[in-house]
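**Student:** Below you'll find coords.txt; it's compact mmCIF, C-alpha atoms and all ligand atoms.
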```
# COMPACT_ATOMS: atom_id res chain seq x y z
CA MET A 7 49.30 -6.91 -23.35
CA VAL A 8 46.65 -6.00 -20.73
CA GLN A 9 43.16 -6.82 -22.00
CA SER A 10 40.73 -3.94 -21.32
CA LYS A 11 37.31 -4.88 -19.97
CA PRO A 12 34.33 -4.37 -22.29
CA PRO A 13 32.17 -1.36 -21.39
CA ILE A 14 29.05 -1.99 -19.32
CA THR A 15 25.82 -1.63 -21.25
CA ILE A 16 22.26 -1.58 -19.95
CA ARG A 17 19.55 -3.35 -21.92
CA ASP A 18 16.42 -5.49 -21.50
CA LEU A 19 17.02 -9.09 -20.52
CA GLN A 20 16.14 -11.36 -23.41
CA GLY A 21 15.18 -14.99 -23.27
CA LEU A 22 15.98 -17.82 -20.90
CA HIS A 23 19.75 -17.40 -21.00
CA ASP A 24 19.58 -13.83 -19.64
CA LEU A 25 16.92 -14.70 -17.05
CA LYS A 26 19.06 -17.60 -15.81
CA GLN A 27 21.92 -15.17 -15.37
CA ALA A 28 19.58 -12.94 -13.32
CA GLU A 29 18.74 -15.93 -11.14
CA ALA A 30 22.48 -16.54 -10.56
CA VAL A 31 23.04 -12.87 -9.63
CA GLU A 32 20.01 -12.97 -7.30
CA ARG A 33 21.40 -16.08 -5.56
CA GLU A 34 24.85 -14.50 -5.25
CA VAL A 35 23.62 -11.14 -3.90
CA TRP A 36 20.93 -12.31 -1.45
CA GLU A 37 22.13 -15.89 -0.77
CA LEU A 38 18.51 -17.04 -0.64
CA SER A 39 17.17 -20.54 -0.14
CA ASP A 40 15.70 -22.20 -3.23
CA LEU A 41 12.18 -21.47 -2.00
CA ASP A 42 12.85 -17.73 -1.65
CA THR A 43 14.63 -17.33 -5.01
CA THR A 44 12.43 -16.09 -7.87
CA PRO A 45 11.39 -19.16 -9.87
CA LEU A 46 12.51 -19.07 -13.50
CA THR A 47 8.95 -19.80 -14.63
CA LEU A 48 7.70 -16.70 -12.82
CA ALA A 49 10.55 -14.61 -14.28
CA VAL A 50 9.63 -15.75 -17.80
CA ALA A 51 5.92 -15.12 -17.25
CA THR A 52 6.42 -11.63 -15.80
CA GLN A 53 8.72 -10.68 -18.64
CA GLN A 54 6.44 -12.04 -21.35
CA ALA A 55 3.50 -10.21 -19.73
CA GLY A 56 5.27 -6.89 -20.32
CA ASN A 57 7.07 -6.20 -17.04
CA LEU A 58 10.56 -4.75 -16.86
CA TRP A 59 13.71 -6.83 -16.49
CA LEU A 60 16.72 -4.58 -17.15
CA GLY A 61 20.29 -5.83 -17.00
CA ALA A 62 23.77 -4.33 -16.81
CA PHE A 63 26.07 -6.40 -19.01
CA GLU A 64 29.83 -6.57 -19.25
CA GLY A 65 30.10 -8.13 -22.69
CA GLY A 66 27.60 -10.98 -22.46
CA THR A 67 27.88 -11.35 -18.70
CA LEU A 68 25.19 -9.96 -16.43
CA VAL A 69 26.68 -7.98 -13.52
CA GLY A 70 23.50 -6.33 -12.19
CA PHE A 71 19.78 -6.12 -12.85
CA ALA A 72 16.55 -4.35 -11.93
CA PHE A 73 13.19 -6.09 -11.97
CA GLY A 74 9.88 -4.25 -11.67
CA PHE A 75 6.27 -5.19 -12.28
CA LEU A 76 3.16 -3.12 -12.91
CA GLY A 77 1.24 -2.28 -9.77
CA LEU A 78 -1.67 -0.19 -8.54
CA GLU A 79 -1.57 2.35 -5.75
CA ASP A 80 -4.63 4.41 -4.83
CA GLY A 81 -6.15 3.25 -8.11
CA ARG A 82 -3.28 4.59 -10.22
CA PRO A 83 -0.93 2.32 -12.18
CA ASN A 84 2.74 2.40 -11.27
CA LEU A 85 5.82 0.22 -11.54
CA HIS A 86 6.78 -1.60 -8.36
CA SER A 87 10.50 -2.29 -8.46
CA HIS A 88 10.95 -5.58 -6.65
CA MET A 89 14.70 -6.18 -7.00
CA LEU A 90 17.80 -4.11 -7.72
CA ALA A 91 21.08 -5.98 -7.52
CA VAL A 92 24.68 -5.25 -8.48
CA ARG A 93 27.39 -7.90 -8.02
CA ALA A 94 29.79 -6.91 -5.25
CA PRO A 95 32.89 -6.26 -7.44
CA TYR A 96 30.89 -3.78 -9.53
CA ARG A 97 29.39 -1.72 -6.69
CA ASN A 98 29.92 1.96 -5.90
CA SER A 99 30.52 2.83 -9.57
CA ASP A 100 27.04 4.25 -10.25
CA LEU A 101 25.68 1.03 -11.72
CA GLY A 102 22.73 0.79 -9.31
CA TYR A 103 21.99 4.44 -10.12
CA LYS A 104 22.20 3.85 -13.87
CA LEU A 105 19.87 0.85 -13.67
CA LYS A 106 17.32 3.06 -11.86
CA LEU A 107 17.74 5.78 -14.51
CA ALA A 108 17.11 3.21 -17.25
CA GLN A 109 14.05 1.97 -15.37
CA ARG A 110 12.76 5.54 -15.12
CA GLU A 111 13.27 6.19 -18.86
CA ARG A 112 11.45 3.01 -19.78
CA VAL A 113 8.52 3.70 -17.46
CA LEU A 114 8.10 7.30 -18.68
CA ALA A 115 7.87 5.95 -22.23
CA MET A 116 5.05 3.52 -21.30
CA ARG A 117 1.39 4.38 -21.89
CA ILE A 118 -1.73 2.82 -20.39
CA ASN A 119 -4.79 4.02 -22.32
CA ASP A 120 -2.74 7.05 -23.40
CA ALA A 121 -1.87 7.88 -19.79
CA ARG A 122 1.70 8.05 -18.57
CA ILE A 123 2.98 6.14 -15.56
CA THR A 124 4.58 8.73 -13.34
CA GLU A 125 5.67 6.79 -10.29
CA ILE A 126 7.93 3.88 -9.36
CA THR A 127 7.63 2.42 -5.87
CA TRP A 128 9.93 0.05 -4.01
CA THR A 129 10.95 -0.94 -0.51
CA PHE A 130 14.28 -0.98 1.28
CA ASP A 131 15.64 -1.63 4.74
CA PRO A 132 15.87 1.80 6.43
CA LEU A 133 18.91 0.67 8.46
CA GLN A 134 20.94 0.31 5.23
CA SER A 135 22.76 3.62 4.96
CA LYS A 136 24.00 2.91 1.44
CA ASN A 137 20.52 2.21 0.07
CA ALA A 138 19.17 5.27 1.90
CA HIS A 139 21.81 7.45 0.24
CA LEU A 140 21.12 6.01 -3.21
CA ASN A 141 17.35 6.31 -2.82
CA PHE A 142 16.94 9.72 -1.17
CA ALA A 143 20.10 11.67 -2.02
CA LYS A 144 20.86 10.41 -5.53
CA LEU A 145 17.35 9.56 -6.79
CA GLY A 146 15.01 11.83 -4.77
CA VAL A 147 12.43 9.38 -3.39
CA ILE A 148 10.15 10.16 -0.44
CA SER A 149 8.41 7.78 1.94
CA LEU A 150 5.08 7.91 3.75
CA SER A 151 4.98 4.39 5.02
CA TYR A 152 6.98 2.09 7.33
CA LYS A 153 6.20 -1.63 7.05
CA VAL A 154 6.99 -3.76 10.10
CA ASP A 155 8.28 -7.26 9.18
CA PHE A 156 7.26 -6.74 5.55
CA TYR A 157 8.45 -10.19 4.41
CA GLY A 158 7.95 -11.82 7.85
CA PRO A 159 10.23 -11.84 10.92
CA GLU A 160 13.21 -12.99 8.82
CA THR A 161 14.01 -14.57 5.44
CA SER A 162 16.62 -17.05 4.27
CA SER A 163 18.70 -14.14 2.92
CA THR A 164 21.88 -13.31 4.81
CA LEU A 165 20.91 -9.66 4.31
CA HIS A 166 17.57 -10.05 6.13
CA ARG A 167 18.21 -11.65 9.49
CA ASN A 168 17.36 -8.65 11.66
CA SER A 169 13.63 -8.70 10.77
CA THR A 170 12.44 -7.40 7.40
CA ASP A 171 11.19 -3.89 8.19
CA ARG A 172 10.96 -1.68 5.12
CA LEU A 173 10.33 1.89 4.10
CA TRP A 174 7.91 1.95 1.16
CA VAL A 175 9.28 4.66 -1.12
CA LYS A 176 7.74 6.62 -3.98
CA TRP A 177 9.76 8.00 -6.86
CA PRO A 178 7.76 10.75 -8.62
CA LEU A 179 9.53 10.37 -11.93
CA ALA A 180 8.67 13.62 -13.68
CA SER A 181 8.70 15.90 -10.64
CA ARG A 182 11.01 18.89 -10.38
CA ARG A 183 12.51 17.37 -7.23
CA VAL A 184 13.60 14.24 -9.05
CA GLN A 185 14.79 16.12 -12.12
CA THR A 186 17.01 18.45 -10.09
CA ARG A 187 18.33 15.45 -8.11
CA LEU A 188 19.24 13.70 -11.34
CA HIS A 189 21.05 16.83 -12.50
CA GLY A 190 23.29 16.37 -9.52
CA LYS A 191 21.96 19.11 -7.24
CA ASP A 192 23.36 18.32 -3.81
CA HIS A 193 21.21 19.08 -0.74
CA ARG A 194 23.86 18.11 1.77
CA ALA A 195 24.80 21.64 2.87
CA GLU A 196 21.15 22.63 3.44
CA MET A 197 20.53 19.43 5.34
CA LEU A 198 23.55 19.79 7.59
CA ASP A 199 22.37 23.32 8.29
CA ALA A 200 18.86 22.10 9.24
CA LEU A 201 20.34 19.35 11.42
CA ARG A 202 22.63 21.64 13.39
CA THR A 203 19.88 22.83 15.70
CA LEU A 204 17.73 19.67 15.74
CA GLN A 205 18.06 17.08 18.49
CA PRO A 206 17.57 13.69 16.78
CA LEU A 207 14.73 11.50 18.03
CA ILE A 208 17.16 8.58 17.73
CA GLN A 209 20.70 9.60 18.44
CA PHE A 210 23.90 7.60 17.91
CA ASN A 211 25.50 7.80 21.38
CA ALA A 212 29.16 7.60 22.41
CA HIS A 213 28.92 3.78 22.69
CA GLY A 214 27.39 3.35 19.22
CA LYS A 215 23.96 2.65 20.73
CA PRO A 216 20.65 4.23 19.72
CA HIS A 217 19.56 6.74 22.34
CA ARG A 218 15.82 7.59 22.30
CA THR A 219 15.06 11.23 23.08
CA ASP A 220 11.81 13.03 23.92
CA LEU A 221 9.04 11.86 21.52
CA PRO A 222 6.27 14.36 22.51
CA ALA A 223 8.73 17.24 22.09
CA ALA A 224 9.90 15.91 18.71
CA LEU A 225 6.32 15.58 17.42
CA LEU A 226 5.67 19.25 18.14
CA ARG A 227 8.48 20.37 15.81
CA GLN A 228 8.39 20.84 12.04
CA ARG A 229 11.21 18.32 11.47
CA ILE A 230 12.40 15.09 13.02
CA ALA A 231 15.86 13.57 12.60
CA ILE A 232 16.54 9.83 12.99
CA GLU A 233 20.15 8.62 13.03
CA ILE A 234 21.37 5.21 11.84
CA PRO A 235 24.83 3.53 11.82
CA SER A 236 26.91 3.98 8.67
CA ASP A 237 27.39 0.21 8.28
CA VAL A 238 24.67 -1.84 9.95
CA GLY A 239 25.99 -4.99 8.23
CA SER A 240 29.15 -4.94 10.32
CA VAL A 241 27.09 -4.21 13.48
CA GLU A 242 24.97 -7.29 12.65
CA GLN A 243 28.08 -9.42 12.30
CA LYS A 244 29.86 -8.20 15.42
CA ASP A 245 26.96 -7.62 17.77
CA PRO A 246 23.52 -8.94 16.69
CA ALA A 247 21.93 -7.72 19.95
CA LEU A 248 23.05 -4.16 19.19
CA ALA A 249 21.72 -4.46 15.62
CA ARG A 250 18.40 -5.55 17.13
CA GLU A 251 18.42 -2.49 19.40
CA TRP A 252 18.87 -0.32 16.31
CA ARG A 253 15.96 -2.07 14.62
CA LEU A 254 13.61 -1.60 17.56
CA ALA A 255 14.58 1.99 18.19
CA THR A 256 14.28 3.12 14.57
CA ARG A 257 11.03 1.14 14.14
CA TRP A 258 9.62 3.00 17.15
CA ALA A 259 10.73 6.39 15.84
CA PHE A 260 9.61 5.97 12.22
CA THR A 261 6.28 4.46 13.23
CA ALA A 262 5.47 7.21 15.72
CA ALA A 263 6.52 10.03 13.39
CA LEU A 264 4.74 8.70 10.28
CA GLN A 265 1.55 8.13 12.28
CA SER A 266 1.71 11.73 13.50
CA GLY A 267 1.72 13.50 10.15
CA PHE A 268 5.39 13.39 9.14
CA PHE A 269 6.91 11.87 5.99
CA VAL A 270 10.51 10.92 5.21
CA ALA A 271 11.99 13.62 2.99
CA GLU A 272 15.78 13.23 2.98
CA PHE A 273 18.78 11.21 4.08
CA CYS A 274 22.25 12.57 4.71
CA ARG A 275 25.15 10.12 5.07
CA THR A 276 28.07 10.14 7.46
CA VAL A 277 27.32 13.22 9.47
CA ARG A 278 29.98 13.79 12.20
CA GLY A 279 33.03 12.36 10.42
CA GLN A 280 33.96 9.48 8.13
CA GLN A 281 32.44 6.61 10.11
CA GLY A 282 29.77 8.79 11.70
CA PRO A 283 26.08 7.98 11.54
CA GLY A 284 23.75 8.91 8.71
CA VAL A 285 20.53 10.77 9.39
CA TYR A 286 17.01 10.81 8.00
CA LEU A 287 15.08 14.04 7.94
CA LEU A 288 11.30 13.83 8.29
CA GLU A 289 9.03 16.78 7.54
CA LYS A 290 5.63 17.54 9.02
CA GLY A 291 2.88 18.10 6.44
CA THR A 292 1.69 16.52 3.26
CA PRO A 293 4.13 15.42 0.60
CA GLU A 294 1.94 17.31 -1.90
CA GLU A 295 3.05 20.58 -0.26
CA TYR A 296 6.63 19.46 -0.76
CA ILE A 297 6.26 17.97 -4.25
CA PRO A 298 3.42 19.80 -6.08
CA GLU A 299 3.35 17.19 -8.90
CA LEU A 300 1.98 14.64 -6.41
CA ALA A 301 -1.19 16.72 -5.98
CA TYR A 302 -1.51 16.86 -9.76
CA GLN A 303 -1.38 13.05 -9.89
CA THR A 304 -3.87 12.65 -7.03
CA ASN A 305 -6.39 14.82 -8.87
CA GLY A 306 -6.26 12.35 -11.73
CA ALA A 307 -4.58 14.77 -14.12
CA ARG A 308 -2.34 13.34 -16.82
C1 LIG A 401 21.99 -1.39 -3.51
C2 LIG A 401 22.89 -1.69 -4.71
C3 LIG A 401 22.04 -2.18 -5.87
C4 LIG A 401 23.59 -0.37 -5.11
O1 LIG A 401 24.38 -0.59 -6.27
P1 LIG A 401 25.68 0.29 -6.58
O2 LIG A 401 26.01 0.07 -8.01
O3 LIG A 401 26.73 0.06 -5.58
O4 LIG A 401 25.07 1.77 -6.38
P2 LIG A 401 25.70 3.18 -6.82
O5 LIG A 401 27.16 3.06 -7.06
O6 LIG A 401 24.87 3.74 -7.92
O7 LIG A 401 25.38 4.08 -5.52
C5 LIG A 401 25.89 3.72 -4.27
C6 LIG A 401 26.12 4.98 -3.45
O8 LIG A 401 26.17 4.63 -2.06
C7 LIG A 401 27.35 5.17 -1.50
N1 LIG A 401 27.71 4.35 -0.35
C8 LIG A 401 28.48 3.25 -0.28
N2 LIG A 401 28.50 2.79 1.00
C9 LIG A 401 27.73 3.63 1.73
C10 LIG A 401 27.34 3.69 3.10
N3 LIG A 401 27.76 2.77 3.99
N4 LIG A 401 26.52 4.71 3.50
C11 LIG A 401 26.08 5.64 2.61
N5 LIG A 401 26.41 5.62 1.31
C12 LIG A 401 27.23 4.63 0.87
C13 LIG A 401 28.34 5.18 -2.65
O9 LIG A 401 29.42 6.05 -2.38
C14 LIG A 401 27.43 5.66 -3.78
O10 LIG A 401 27.14 7.05 -3.65
P3 LIG A 401 27.91 8.21 -4.50
O11 LIG A 401 27.83 7.84 -5.94
O12 LIG A 401 27.13 9.47 -4.14
O13 LIG A 401 29.31 8.23 -3.95
C15 LIG A 401 23.99 -2.75 -4.37
O14 LIG A 401 24.72 -2.30 -3.26
C16 LIG A 401 23.39 -4.13 -4.05
O15 LIG A 401 23.22 -4.95 -4.94
N6 LIG A 401 23.08 -4.37 -2.74
C17 LIG A 401 22.50 -5.64 -2.29
C18 LIG A 401 21.04 -5.79 -2.69
C19 LIG A 401 20.17 -4.60 -2.32
O16 LIG A 401 20.25 -4.04 -1.24
N7 LIG A 401 19.29 -4.17 -3.28
C20 LIG A 401 18.42 -3.03 -3.13
C21 LIG A 401 17.19 -3.28 -2.38
S1 LIG A 401 16.10 -4.40 -3.25
```
Could I get this structure in the form of structure tokens?
**Tutor:**
Amino acid sequence: MVQSKPPITIRDLQGLHDLKQAEAVEREVWELSDLDTTPLTLAVATQQAGNLWLGAFEGGTLVGFAFGFLGLEDGRPNLHSHMLAVRAPYRNSDLGYKLKLAQRERVLAMRINDARITEITWTFDPLQSKNAHLNFAKLGVISLSYKVDFYGPETSSTLHRNSTDRLWVKWPLASRRVQTRLHGKDHRAEMLDALRTLQPLIQFNAHGKPHRTDLPAALLRQRIAIEIPSDVGSVEQKDPALAREWRLATRWAFTAALQSGFFVAEFCRTVRGQQGPGVYLLEKGTPEEYIPELAYQTNGAR
């Protein structure tokens, strides 16, 4: 008789046994050196101090987790989500998404002096199309900030050899934008429409290379598009020099656009066919015009 697998449940990690499992998943997913792996003592201390370690369990076995700690941005408390990991055999089945939903629920239920926490921040590598899709399309984050070599020029992780540039993203938990995203509203058609007439600032050319177009012209428009490969991991394996070109070109484009009054609003995957590039859409203006609830937060309202 075929044994069916137990359902996957999401719950808080409890005690040393669970935290050791998180360490094993962290080592498996990022393949870090001992020095770069989160020490168990720090994991215990952060958990005991009230930070969030959420796990996805198949029976008693941890198959993914999300770790976030309390942070401060512009004087307001938030949760900074430091790690989200799903073991490779369990990916692309919504588990990463469900861990983020659980994180959101838990944070919205927290109170600091009767005030709600309304934002989770995190960072991700903007060349990772999959993370971009999860973060922007499925969850509804925005980004105002590009961090060059955030963790240094490289880390011991096999995932972070091509520098450690990051987009710092904000997830306005209670905003209408996020709520409609979580109800499955798909913006792909509108985005493809907007992209039809827009020449990308970084364009995936016929040889798979990043072609830089006219920056001054792009900065005069209302929107900027930046293309990325659909699978930068395979580019890194086959042609590290080309992966480096992608890093430098996208770093140049994001940095210039964000310094000139744009913010990253959307990501649309695999435009132009199955293996085609994905594309970021940046908007000129303040994110508060785009997401009114951000203005409400900035004014100190609860
Ligand atoms: C990032 C990670 C946690 C996502 O977990 P997951 O359980 O696979 O995520 P989900 O299934 O919820 O969502 C993945 C989405 O990306 C899509 N996707 C897969 N490959 C893709 C690609 N190359 N380009 C764009 N989208 C892609 C999937 O189809 C799915 O979207 P859909 O549900 O709309 O079809 C997991 O891949 C992981 O552990 N990666 C390594 C560590 C990491 O990068 N952590 C995050 C930064 S700290």
**Student:** Using all atoms of ligand LIG 401 (chain A) listed in the file and a margin of 8 Å per side, can you give the axis-aligned box centre and edge lengths in Å to one decimal, as lines of an AutoDock Vina configuration file?
**Tutor:**
```
center_x = 22.8
center_y = 1.8
center_z = -2.0
size_x = 29.3
size_y = 31.3
size_z = 28.0
```
**Student:** When you look at region 280-282 of chain A with a cut-off of 8 Å (counting all atoms listed in the file), what residues show up, excluding the ones that are within fewer than 3 positions of it in the same chain? I need them as a list in words.
**Tutor:** Pro235, Ser236, Thr276 and Val277 of chain A
**Student:** Go through the chains and note each residue within 6 Å of ligand LIG 401 (chain A), using only C-alpha atoms and all ligand atoms, then give the set as a list in words.
**Tutor:**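 Every residue with an atom at most 6 Å from ligand LIG 401 (chain A) is listed here: Val35, Met89, Leu90, Ala91, Val92, Arg93, Arg97, Asn98, Ser99, Asp100, Leu101, Gly102, Tyr103, Phe130, Ser135, Lys136, Asn137, His139, Leu140, Ser236, Asp237 and Arg275 of chain A.
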**Student:** From the set A:Leu248, A:Ala108, A:Leu19, A:Leu300, which residue has the shortest atom-to-atom contact distance to Ala180 (chain A), counting all atoms listed in the file?
**Tutor:**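 Looking only at the distances to Ala180 (chain A), the closest residue turns out to be A:Leu300.
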**Student:** Kindly indicate which residue among A:Pro13, A:Gly61, A:Pro222, A:Gly239 lies nearest to Ser266 (chain A), using all atoms listed in the file for the distances.
**Tutor:** A:Pro222
**Student:** Taking only residues of region 207-283 of chain A that have an atom at most 8 Å from an atom of region 156-179 of chain A, what is each one's shortest atom pair and its distance in Å to one decimal, using only C-alpha atoms, in chain and number order, as JSON lines?
**Tutor:**
```
{"residue": "A:Gly239", "atom": "CA", "partner": "A:Leu165", "partner_atom": "CA", "distance": 7.9}
{"residue": "A:Glu242", "atom": "CA", "partner": "A:Asn168", "partner_atom": "CA", "distance": 7.8}
{"residue": "A:Pro246", "atom": "CA", "partner": "A:Asn168", "partner_atom": "CA", "distance": 8.0}
{"residue": "A:Ala249", "atom": "CA", "partner": "A:Asn168", "partner_atom": "CA", "distance": 7.2}
{"residue": "A:Arg250", "atom": "CA", "partner": "A:Asn168", "partner_atom": "CA", "distance": 6.4}
{"residue": "A:Arg253", "atom": "CA", "partner": "A:Asn168", "partner_atom": "CA", "distance": 7.3}
{"residue": "A:Arg257", "atom": "CA", "partner": "A:Asp171", "partner_atom": "CA", "distance": 7.8}
```
**Student:** Between CA of Ser39 (chain A) and CA of Leu25 (chain A), what is the distance in Å, rounded to a tenth?
**Tutor:**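 We find that CA of Ser39 (chain A) and CA of Leu25 (chain A) lie 17.9 Å from each other.
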